[in-house]
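my_file_28.cif (mmCIF, C-alpha atoms)
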data_work
loop_
_atom_site.group_PDB
_atom_site.id
_atom_site.type_symbol
_atom_site.label_atom_id
_atom_site.label_comp_id
_atom_site.auth_asym_id
_atom_site.auth_seq_id
_atom_site.Cartn_x
_atom_site.Cartn_y
_atom_site.Cartn_z
ATOM 1 C CA MET F 13 153.213 157.245 196.942
ATOM 2 C CA GLY F 14 151.055 159.096 194.452
ATOM 3 C CA ALA F 15 147.456 159.022 193.280
ATOM 4 C CA LEU F 16 148.005 155.416 192.224
ATOM 5 C CA GLY F 17 149.149 154.331 195.680
ATOM 6 C CA PRO F 18 152.489 152.843 196.656
ATOM 7 C CA LYS F 19 154.598 151.186 193.996
ATOM 8 C CA ALA F 20 154.115 147.434 193.812
ATOM 9 C CA ASP F 21 156.758 144.780 193.217
ATOM 10 C CA ALA F 22 154.956 143.355 190.170
ATOM 11 C CA ILE F 23 151.858 143.652 188.025
ATOM 12 C CA VAL F 24 150.003 140.356 187.649
ATOM 13 C CA VAL F 25 147.675 139.927 184.687
ATOM 14 C CA LEU F 26 145.436 136.868 184.677
ATOM 15 C CA GLY F 27 144.855 134.773 181.585
ATOM 16 C CA CYS F 28 141.687 134.509 179.579
ATOM 17 C CA ARG F 29 140.432 132.958 176.357
ATOM 18 C CA ILE F 30 142.674 132.886 173.290
ATOM 19 C CA ASP F 31 141.133 132.933 169.804
ATOM 20 C CA ASP F 32 141.688 129.971 167.469
ATOM 21 C CA CYS F 33 144.273 131.955 165.504
ATOM 22 C CA GLY F 34 146.330 132.583 168.659
ATOM 23 C CA GLU F 35 145.232 136.158 169.286
ATOM 24 C CA PRO F 36 143.998 137.398 172.672
ATOM 25 C CA SER F 37 140.220 137.562 173.023
ATOM 26 C CA PRO F 38 138.723 141.038 173.498
ATOM 27 C CA ALA F 39 138.617 140.469 177.276
ATOM 28 C CA LEU F 40 142.255 139.407 177.384
ATOM 29 C CA SER F 41 143.242 142.352 175.182
ATOM 30 C CA ARG F 42 141.583 144.699 177.697
ATOM 31 C CA ARG F 43 143.513 143.041 180.544
ATOM 32 C CA LEU F 44 146.813 143.283 178.678
ATOM 33 C CA THR F 45 146.158 146.938 177.840
ATOM 34 C CA MET F 46 145.547 147.680 181.535
ATOM 35 C CA ALA F 47 148.740 145.837 182.545
ATOM 36 C CA LEU F 48 150.804 147.743 179.979
ATOM 37 C CA GLN F 49 149.324 151.057 181.145
ATOM 38 C CA ALA F 50 150.137 150.203 184.766
ATOM 39 C CA TYR F 51 153.705 149.328 183.775
ATOM 40 C CA ARG F 52 154.125 152.565 181.813
ATOM 41 C CA GLN F 53 152.716 154.535 184.748
ATOM 42 C CA GLY F 54 155.500 153.071 186.885
ATOM 43 C CA ARG F 55 153.246 151.050 189.173
ATOM 44 C CA ALA F 56 155.813 148.195 189.063
ATOM 45 C CA ASP F 57 158.929 147.191 187.141
ATOM 46 C CA ARG F 58 157.792 143.628 186.353
ATOM 47 C CA VAL F 59 154.723 142.058 184.791
ATOM 48 C CA VAL F 60 153.713 138.481 185.579
ATOM 49 C CA VAL F 61 151.550 136.849 182.915
ATOM 50 C CA SER F 62 149.633 134.062 184.610
ATOM 51 C CA GLY F 63 147.755 131.315 182.818
ATOM 52 C CA GLY F 64 148.591 127.818 181.661
ATOM 53 C CA ARG F 65 145.324 126.939 179.981
ATOM 54 C CA GLN F 66 145.784 125.848 176.390
ATOM 55 C CA TRP F 67 143.336 127.048 173.756
ATOM 56 C CA GLY F 68 143.959 124.858 170.707
ATOM 57 C CA THR F 69 147.730 124.983 170.429
ATOM 58 C CA HIS F 70 148.067 128.338 172.224
ATOM 59 C CA VAL F 71 148.955 128.723 175.929
ATOM 60 C CA GLU F 72 147.545 131.825 177.629
ATOM 61 C CA ALA F 73 150.745 133.073 179.276
ATOM 62 C CA VAL F 74 152.815 132.605 176.128
ATOM 63 C CA VAL F 75 150.310 134.529 174.001
ATOM 64 C CA MET F 76 150.131 137.227 176.681
ATOM 65 C CA GLN F 77 153.917 137.554 176.744
ATOM 66 C CA LYS F 78 154.182 137.727 172.941
ATOM 67 C CA THR F 79 151.429 140.327 172.775
ATOM 68 C CA LEU F 80 152.978 142.558 175.434
ATOM 69 C CA VAL F 81 156.377 142.344 173.742
ATOM 70 C CA SER F 82 154.786 143.253 170.391
ATOM 71 C CA TRP F 83 153.239 146.290 172.136
ATOM 72 C CA GLY F 84 156.644 147.448 173.368
ATOM 73 C CA LEU F 85 157.060 145.922 176.830
ATOM 74 C CA PRO F 86 160.642 144.628 177.164
ATOM 75 C CA GLN F 87 160.668 140.826 177.320
ATOM 76 C CA ASP F 88 163.111 140.863 180.258
ATOM 77 C CA ARG F 89 160.447 142.690 182.321
ATOM 78 C CA ILE F 90 157.943 139.824 181.901
ATOM 79 C CA TRP F 91 157.789 136.743 184.114
ATOM 80 C CA LEU F 92 155.913 133.758 182.745
ATOM 81 C CA GLU F 93 153.623 131.626 184.939
ATOM 82 C CA ALA F 94 152.266 128.961 182.603
ATOM 83 C CA CYS F 95 151.221 126.178 185.010
ATOM 84 C CA SER F 96 147.888 127.432 186.378
ATOM 85 C CA LEU F 97 144.501 126.310 185.109
ATOM 86 C CA THR F 98 142.250 128.032 187.674
ATOM 87 C CA THR F 99 142.149 131.306 189.572
ATOM 88 C CA GLY F 100 143.305 129.557 192.738
ATOM 89 C CA GLU F 101 146.233 128.090 190.834
ATOM 90 C CA ASN F 102 147.012 131.508 189.307
ATOM 91 C CA ALA F 103 147.385 132.759 192.868
ATOM 92 C CA TRP F 104 149.340 129.784 194.186
ATOM 93 C CA TYR F 105 151.856 129.555 191.341
ATOM 94 C CA THR F 106 152.289 133.322 191.191
ATOM 95 C CA ALA F 107 152.835 133.468 194.958
ATOM 96 C CA ARG F 108 155.501 130.790 194.632
ATOM 97 C CA LEU F 109 157.220 132.728 191.824
ATOM 98 C CA ALA F 110 156.869 135.914 193.865
ATOM 99 C CA ALA F 111 158.436 134.367 196.958
ATOM 100 C CA GLU F 112 161.419 133.149 194.910
ATOM 101 C CA ASN F 113 161.979 136.729 193.716
ATOM 102 C CA GLY F 114 161.210 138.809 196.816
ATOM 103 C CA VAL F 115 157.832 140.026 195.579
ATOM 104 C CA ARG F 116 155.180 140.837 198.207
ATOM 105 C CA ARG F 117 152.976 143.571 196.712
ATOM 106 C CA VAL F 118 151.227 143.151 193.367
ATOM 107 C CA VAL F 119 148.859 145.077 191.165
ATOM 108 C CA LEU F 120 146.241 142.495 190.172
ATOM 109 C CA VAL F 121 144.761 142.941 186.692
ATOM 110 C CA THR F 122 141.631 141.058 185.684
ATOM 111 C CA CYS F 123 138.047 141.765 184.639
ATOM 112 C CA ASP F 124 135.942 143.698 187.130
ATOM 113 C CA PHE F 125 133.486 140.823 187.695
ATOM 114 C CA HIS F 126 136.376 138.432 188.423
ATOM 115 C CA LEU F 127 138.432 140.716 190.637
ATOM 116 C CA PRO F 128 136.812 140.105 194.066
ATOM 117 C CA ARG F 129 137.341 136.335 193.843
ATOM 118 C CA ALA F 130 140.782 136.639 192.275
ATOM 119 C CA ARG F 131 141.899 139.115 194.933
ATOM 120 C CA ALA F 132 140.669 136.811 197.694
ATOM 121 C CA CYS F 133 142.689 133.927 196.194
ATOM 122 C CA PHE F 134 145.849 136.042 195.872
ATOM 123 C CA GLU F 135 145.567 137.427 199.398
ATOM 124 C CA ALA F 136 144.974 133.905 200.751
ATOM 125 C CA SER F 137 148.237 132.957 199.003
ATOM 126 C CA GLY F 138 150.071 135.640 200.971
ATOM 127 C CA LEU F 139 150.330 138.477 198.471
ATOM 128 C CA GLU F 140 149.303 142.080 199.138
ATOM 129 C CA CYS F 141 147.064 143.198 196.264
ATOM 130 C CA THR F 142 146.118 146.495 194.743
ATOM 131 C CA ALA F 143 143.198 146.054 192.382
ATOM 132 C CA ALA F 144 143.296 147.122 188.736
ATOM 133 C CA PRO F 145 139.832 146.178 187.496
ATOM 134 C CA VAL F 146 139.222 146.024 183.763
ATOM 135 C CA ALA F 147 135.772 147.250 182.738
ATOM 136 C CA THR F 148 133.539 144.603 181.196
ATOM 137 C CA PRO F 149 130.570 145.418 178.937
ATOM 138 C CA GLY F 150 127.322 145.278 180.973
ATOM 139 C CA GLY F 151 125.657 142.254 179.372
ATOM 140 C CA ILE F 152 128.782 140.135 179.704
ATOM 141 C CA ARG F 153 129.319 141.221 183.313
ATOM 142 C CA ARG F 154 125.774 140.148 184.259
ATOM 143 C CA SER F 155 126.165 136.747 182.581
ATOM 144 C CA ARG F 156 129.421 136.121 184.444
ATOM 145 C CA ALA F 157 128.048 137.062 187.881
ATOM 146 C CA PHE F 158 126.423 133.666 188.516
ATOM 147 C CA ARG F 159 129.539 131.787 187.410
ATOM 148 C CA GLU F 160 131.685 133.877 189.764
ATOM 149 C CA ARG F 161 129.371 133.174 192.720
ATOM 150 C CA LEU F 162 129.566 129.440 192.028
ATOM 151 C CA SER F 163 133.351 129.592 191.610
ATOM 152 C CA ARG F 164 133.713 131.430 194.925
ATOM 153 C CA ILE F 165 131.873 128.574 196.654
ATOM 154 C CA LEU F 166 134.118 125.998 194.956
ATOM 155 C CA ASP F 167 137.222 128.021 195.939
ATOM 156 C CA ALA F 168 136.090 127.977 199.556
ATOM 157 C CA ILE F 169 135.647 124.207 199.448
ATOM 158 C CA SER F 170 138.903 123.325 197.705
ATOM 159 C CA GLY F 171 141.162 126.158 198.859
ATOM 160 C CA PRO F 172 143.885 127.610 196.636
ATOM 161 C CA THR F 173 146.453 124.808 197.050
ATOM 162 C CA LYS F 174 144.548 121.578 197.657
ATOM 163 C CA ASN F 175 144.669 120.445 194.020
ATOM 164 C CA ILE F 176 148.291 121.389 193.366
#
Just dump the structure as structure tokens.
Amino acid sequence: MGALGPKADAIVVLGCRIDDCGEPSPALSRRLTMALQAYRQGRADRVVVSGGRQWGTHVEAVVMQKTLVSWGLPQDRIWLEACSLTTGENAWYTARLAAENGVRRVVLVTCDFHLPRARACFEASGLECTAAPVATPGGIRRSRAFRERLSRILDAISGPTKNI
């Protein structure tokens, strides 16, 4: 254990918008940068890219994987979770993948405004989480706060696995 805490079994980076040309949005680029830094710091030996939403013809997890590989992360260190469409599904499908591979502790990478709800979903799915919040510019963070509060209420109503 060091300043970063105990080593995790995997780093999980949550999907986000993909540009029309198939490039990660600025928010997703920040998340991927954080995940790559965590990997290079030795926080875990695997990275799970989680997100099945399709933006045009581009699937989040596939774009995330391609981007990380182009930045130097070995492809065999990346696990693809491309079924989820919501934060609750990110957690559920990742927890299922984790259980199949003996993963219990994850470093969870997402935007700072999204992290409390995402962490709650992942912990409810049985994973131990260390947070790796990605800073969001102030104006964007404020505009997302209401949406996150509403989503937290919907998560509480539906639960992470009821729609799967």
Worksheet item: Within 8 Å of (148.7, 136.5, 191.0), all atoms listed in the file: residues as number ranges by chain?
Response: F: 24-26, 60, 62, 102-107, 118, 120, 134, 139
Worksheet entry | Exercise: Ala50 of chain F partners within 12 Å, all atoms listed in the file, chain neighbours under 6 positions left out, as number ranges by chain | F: 16-17, 19-20, 22-25, 43-44, 56-59, 85, 118-121, 142-146
Worksheet item: Of the candidates F:Ile30, F:Leu127, F:Val61, F:Ala132, which one gets nearest to Val81 of chain F if we count all atoms listed in the file?
Response: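 With all atoms listed in the file as the atom set, the closest residue is F:Val61.
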Discussion item. With distances taken over all atoms listed in the file, which residue among F:Thr79, F:Gln49, F:Ser37, F:Thr99 lies nearest Trp67 of chain F?
Written reply: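 Of F:Thr79, F:Gln49, F:Ser37, F:Thr99, the one nearest Trp67 of chain F, counting all atoms listed in the file, is F:Ser37.
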Worksheet entry | Pick from F:Glu135, F:Glu93, F:Leu48, F:Glu140, whichever lies nearest to Val115 of chain F using all atoms listed in the file |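 Smallest separation from Val115 of chain F among the options: F:Glu140.
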Discussion item. As an exercise, work out the distance from atom CA of Gly68 of chain F to atom CA of Leu97 of chain F in Å and give it to one decimal place.
Written reply: 14.5 Å
Fill in: Atom-to-atom span, atom CA of Ala47 of chain F and atom CA of Pro18 of chain F, Å
16.2 Å
Discussion item. I need the residue nearest Ala130 of chain F from this list: F:Glu101, F:Gly114, F:Thr69, F:Ile90. Use all atoms listed in the file for the distance.
Written reply: F:Glu101
Practice prompt. Rounded to one decimal place, report the atom CA of Trp91 of chain F-atom CA of Ser137 of chain F distance in Å.
Written response: 18.1 Å
Worksheet entry | Shell around His70 of chain F at 12 Å using only C-alpha atoms, local window under 6 positions removed, as JSON, numbers by chain | {"F": [27, 28, 29, 30, 31, 32, 33, 34, 35, 36, 63, 64, 76, 77, 78, 94]}
Output segment 114-127 of chain F with N, CA and C atoms present, as a PDB file, in the coordinates of the input.
ATOM      1  N   GLY F 114     161.365 137.712 195.865  1.00  0.00           N
ATOM      2  CA  GLY F 114     161.210 138.809 196.816  1.00  0.00           C
ATOM      3  C   GLY F 114     160.037 139.732 196.549  1.00  0.00           C
ATOM      4  N   VAL F 115     159.017 139.227 195.892  1.00  0.00           N
ATOM      5  CA  VAL F 115     157.832 140.026 195.579  1.00  0.00           C
ATOM      6  C   VAL F 115     156.776 139.809 196.657  1.00  0.00           C
ATOM      7  N   ARG F 116     156.243 140.915 197.196  1.00  0.00           N
ATOM      8  CA  ARG F 116     155.180 140.837 198.207  1.00  0.00           C
ATOM      9  C   ARG F 116     153.914 141.590 197.783  1.00  0.00           C
ATOM     10  N   ARG F 117     154.106 142.713 197.098  1.00  0.00           N
ATOM     11  CA  ARG F 117     152.976 143.571 196.712  1.00  0.00           C
ATOM     12  C   ARG F 117     152.773 143.508 195.198  1.00  0.00           C
ATOM     13  N   VAL F 118     151.530 143.235 194.791  1.00  0.00           N
ATOM     14  CA  VAL F 118     151.227 143.151 193.367  1.00  0.00           C
ATOM     15  C   VAL F 118     150.030 144.030 193.013  1.00  0.00           C
ATOM     16  N   VAL F 119     150.035 144.466 191.773  1.00  0.00           N
ATOM     17  CA  VAL F 119     148.859 145.077 191.165  1.00  0.00           C
ATOM     18  C   VAL F 119     148.183 143.948 190.397  1.00  0.00           C
ATOM     19  N   LEU F 120     146.958 143.627 190.763  1.00  0.00           N
ATOM     20  CA  LEU F 120     146.241 142.495 190.172  1.00  0.00           C
ATOM     21  C   LEU F 120     145.303 142.988 189.081  1.00  0.00           C
ATOM     22  N   VAL F 121     145.529 142.517 187.862  1.00  0.00           N
ATOM     23  CA  VAL F 121     144.761 142.941 186.692  1.00  0.00           C
ATOM     24  C   VAL F 121     143.894 141.787 186.211  1.00  0.00           C
ATOM     25  N   THR F 122     142.592 142.002 186.239  1.00  0.00           N
ATOM     26  CA  THR F 122     141.631 141.058 185.684  1.00  0.00           C
ATOM     27  C   THR F 122     140.320 141.798 185.464  1.00  0.00           C
ATOM     28  N   CYS F 123     139.339 141.127 184.898  1.00  0.00           N
ATOM     29  CA  CYS F 123     138.047 141.765 184.639  1.00  0.00           C
ATOM     30  C   CYS F 123     137.362 142.126 185.954  1.00  0.00           C
ATOM     31  N   ASP F 124     136.580 143.193 185.926  1.00  0.00           N
ATOM     32  CA  ASP F 124     135.942 143.698 187.130  1.00  0.00           C
ATOM     33  C   ASP F 124     135.070 142.655 187.833  1.00  0.00           C
ATOM     34  N   PHE F 125     134.346 141.833 187.081  1.00  0.00           N
ATOM     35  CA  PHE F 125     133.486 140.823 187.695  1.00  0.00           C
ATOM     36  C   PHE F 125     134.299 139.721 188.371  1.00  0.00           C
ATOM     37  N   HIS F 126     135.511 139.502 187.933  1.00  0.00           N
ATOM     38  CA  HIS F 126     136.376 138.432 188.423  1.00  0.00           C
ATOM     39  C   HIS F 126     137.259 138.886 189.579  1.00  0.00           C
ATOM     40  N   LEU F 127     137.452 140.188 189.704  1.00  0.00           N
ATOM     41  CA  LEU F 127     138.432 140.716 190.637  1.00  0.00           C
ATOM     42  C   LEU F 127     138.187 140.367 192.107  1.00  0.00           C
TER      43      LEU F 127
END
